[in-house]
Amino acid sequence: MDSIMQNLTTASADNSVQREQTKQRIAQSLKKRHASERRFKMFGMGAVGLALSFVLILFVSILSKGVPAFWQATVSLEVYFDPDVIKIDPKPIQKNGESPAEFQQRMLAWQTSLGMVNFNRIIVNSLATELPEASRYPRDALRLITSGERFALRDRVANDPTLIGQTVRLNLLADANVDVWLKGNIDRDLPDSRQQLSSRTRAWADKLAERGVIENKFSTALFMNVDSRSSLASAGLAGAFMGSVFMMLIVMLLAVPIGVASAIYLEEFAPKNKLTDLIEVNINNLAAVPSIVFGLLGASVFILWFKLPLSAPFVGGLVLTLMTLPTVIIATRSTLKAIPPSIRQAALGIGASKTQAVFHHVLPLALPGILTGSILGIAQALGETAPLLLIGMNSFVASIPGTPMEQSTALPVQIFLWQGNELRNFFEARTSAAIIVLLALMISLNALAIWLRRRFETRW
């Protein structure tokens, strides 16, 4: 009996030891698992923080350089439209019985005579009211004002000839080098041989800035003017902006309907065979093709074969449509796959046809995802540069396109061109400002996608 009790006591002690060892092993295992989870969480938070820090650095760098470019050195002057300088006949008015061709001929002759007026003298005389010595050194005085302003004065007189003989206070853009000088973007200690402006012009610029005649004002020229090579301070984004708008309209009108229709057919109606498998593989492959390949395709097909105009938003829109189609198709198919099969089965069960089940029940539920994928594809196309360079949209176009068939450039291409301008002290900030405009458009499109998704979202 004693031996049995001794064995039971020994077994109980052994079990206690084993339980204790098991608890220790479990505790060690839990400790390792918890440590592993903490490390994973730490690495994940570190990765997210690192990514956000890079994004923050990017945005801070762009904003710090680009925001000052939205304000530009502007000269406020009393401009006297001297009739002794602007010696032109009254603006033609169409006479009774005069043909349109005859009136147009007289109007062209009047515009030619207006173009021969020395508006530089008007500017120098206006500067002389603030700087009396400006009339003695007209060349140095004209370097204060960007050269495009004389054409702006000409256009004012052409639109309103009654200005002749009047004095009007106008805001004239300062020259790009004056803007750089006053903003401190060039070393003032450099010798005269390395300065873009003469010592007299620099001194006048400082004097006018002290008097408040030259001030940094919000630059409407950046948004209202087209690009310029002769008057750099007047260079703007209007032409590139309209070119991008035309291209995005073409992408929306072609890529979205074609891509959504293709995805609906392939996902809901197409038979599952080798042909559809081949099409699906090719669509997935096209989504990974570099964008420059689509540019080569567009140059060889649309320009060389179909003889469409070079550097036209219509051609750019077609190229971006080809590039966006795989994205729209894949996003739409993924959205359709996410719709529960019970929706289709319930519709068929109550007597709906296959087409009715898809368009009356499945498609409304998939609409938020389809809109999101389509808008994200369009936003991606908005920022593409490489395919547009290959179809000639990097050419200099000094006009705002009126139709998609007219020559134009685009916002990303304009950024590319400004980045390479030789006057880097001025265009580095202007390039960042253009990037801000492009990012604002892309963020707006992404915000629209989020809003539409939430607006049309349906729970089942």
# chains A, B, ... in the order shown; residues from 1 in each chain; ligands from 1
>>> select_by_dssp(residues="segment 17-161 of chain A", states="alpha helix (DSSP H)", output="MDAnalysis selection string")
chainID A and resid 17:66 100:115 119:128 138:142 148:159
>>> residues_around(residues="Ile375 of chain A", least_positions_apart="2", cutoff="12 Å", atoms="only C-alpha atoms", output="ChimeraX atom specification")
/A:248-249,251-252,255-256,324-325,327-328,331-332,368-373,377-382,441-453
>>> residues_around(residues="Ile93 of chain A", least_positions_apart="4", cutoff="12 Å", atoms="only C-alpha atoms", output="ChimeraX atom specification")
/A:89,98-100,102-107,110
>>> residues_around(residues="segment 402-412 of chain A", least_positions_apart="5", cutoff="9 Å", atoms="only C-alpha atoms", output="count of residues only")
36
>>> residues_around(residues="segment 172-187 of chain A", least_positions_apart="2", cutoff="9 Å", atoms="only C-alpha atoms", output="PyMOL selection string")
chain A and resi 72-77+142-149+170+189-190+195-197+201-202+205-206+209+214+216+219+221+231-234+423+425-426
>>> select_by_dssp(residues="segment 86-170 of chain A", states="strand (DSSP E)", output="MDAnalysis selection string")
chainID A and resid 167:170
>>> write_last_selection(atoms="N, CA, C and O atoms", output="CSV table (one decimal), in the first residue's frame")
chain,number,residue,atom,x,y,z
A,167,THR,N,-5.3,108.5,-69.9
A,167,THR,CA,-4.3,107.9,-69.0
A,167,THR,C,-5.0,106.9,-68.1
A,167,THR,O,-6.0,107.2,-67.5
A,168,VAL,N,-4.4,105.7,-68.1
A,168,VAL,CA,-5.0,104.6,-67.4
A,168,VAL,C,-3.9,103.9,-66.6
A,168,VAL,O,-2.8,103.7,-67.0
A,169,ARG,N,-4.3,103.6,-65.3
A,169,ARG,CA,-3.3,102.9,-64.4
A,169,ARG,C,-3.4,101.4,-64.8
A,169,ARG,O,-4.5,100.8,-64.7
A,170,LEU,N,-2.3,100.8,-65.2
A,170,LEU,CA,-2.2,99.4,-65.6
A,170,LEU,C,-1.1,98.7,-64.8
A,170,LEU,O,-0.2,99.3,-64.3
>>> residues_around(residues="segment 275-285 of chain A", least_positions_apart="3", cutoff="9 Å", atoms="only C-alpha atoms", output="PyMOL selection string")
chain A and resi 266+270-272+288-289+325-327+329-330
>>> residues_around(residues="His361 of chain A", least_positions_apart="4", cutoff="10 Å", atoms="only C-alpha atoms", output="list in words")
Ile339, Ile343, Arg344, Ala346, Ala347, Ala352, Thr355, Gln356, Ala357, Leu365 and Ala366 of chain A
>>> write_last_selection(atoms="C-alpha atoms", output="tab-separated table (two decimals), in the first residue's frame")
chain	number	residue	atom	x	y	z
A	339	ILE	CA	-20.94	41.09	-57.24
A	343	ILE	CA	-27.83	38.56	-57.39
A	344	ARG	CA	-27.70	37.03	-60.86
A	346	ALA	CA	-32.22	35.71	-58.02
A	347	ALA	CA	-32.83	37.85	-61.11
A	352	ALA	CA	-35.37	38.05	-65.99
A	355	THR	CA	-29.35	40.83	-70.38
A	356	GLN	CA	-31.90	42.13	-67.88
A	357	ALA	CA	-30.10	40.44	-64.98
A	365	LEU	CA	-24.36	47.48	-58.02
A	366	ALA	CA	-21.05	47.57	-59.90
>>> closest_residue(among="A:Asn125, A:Val79, A:Gln414, A:Ala338", to="Arg156 of chain A", atoms="only C-alpha atoms")
A:Val79
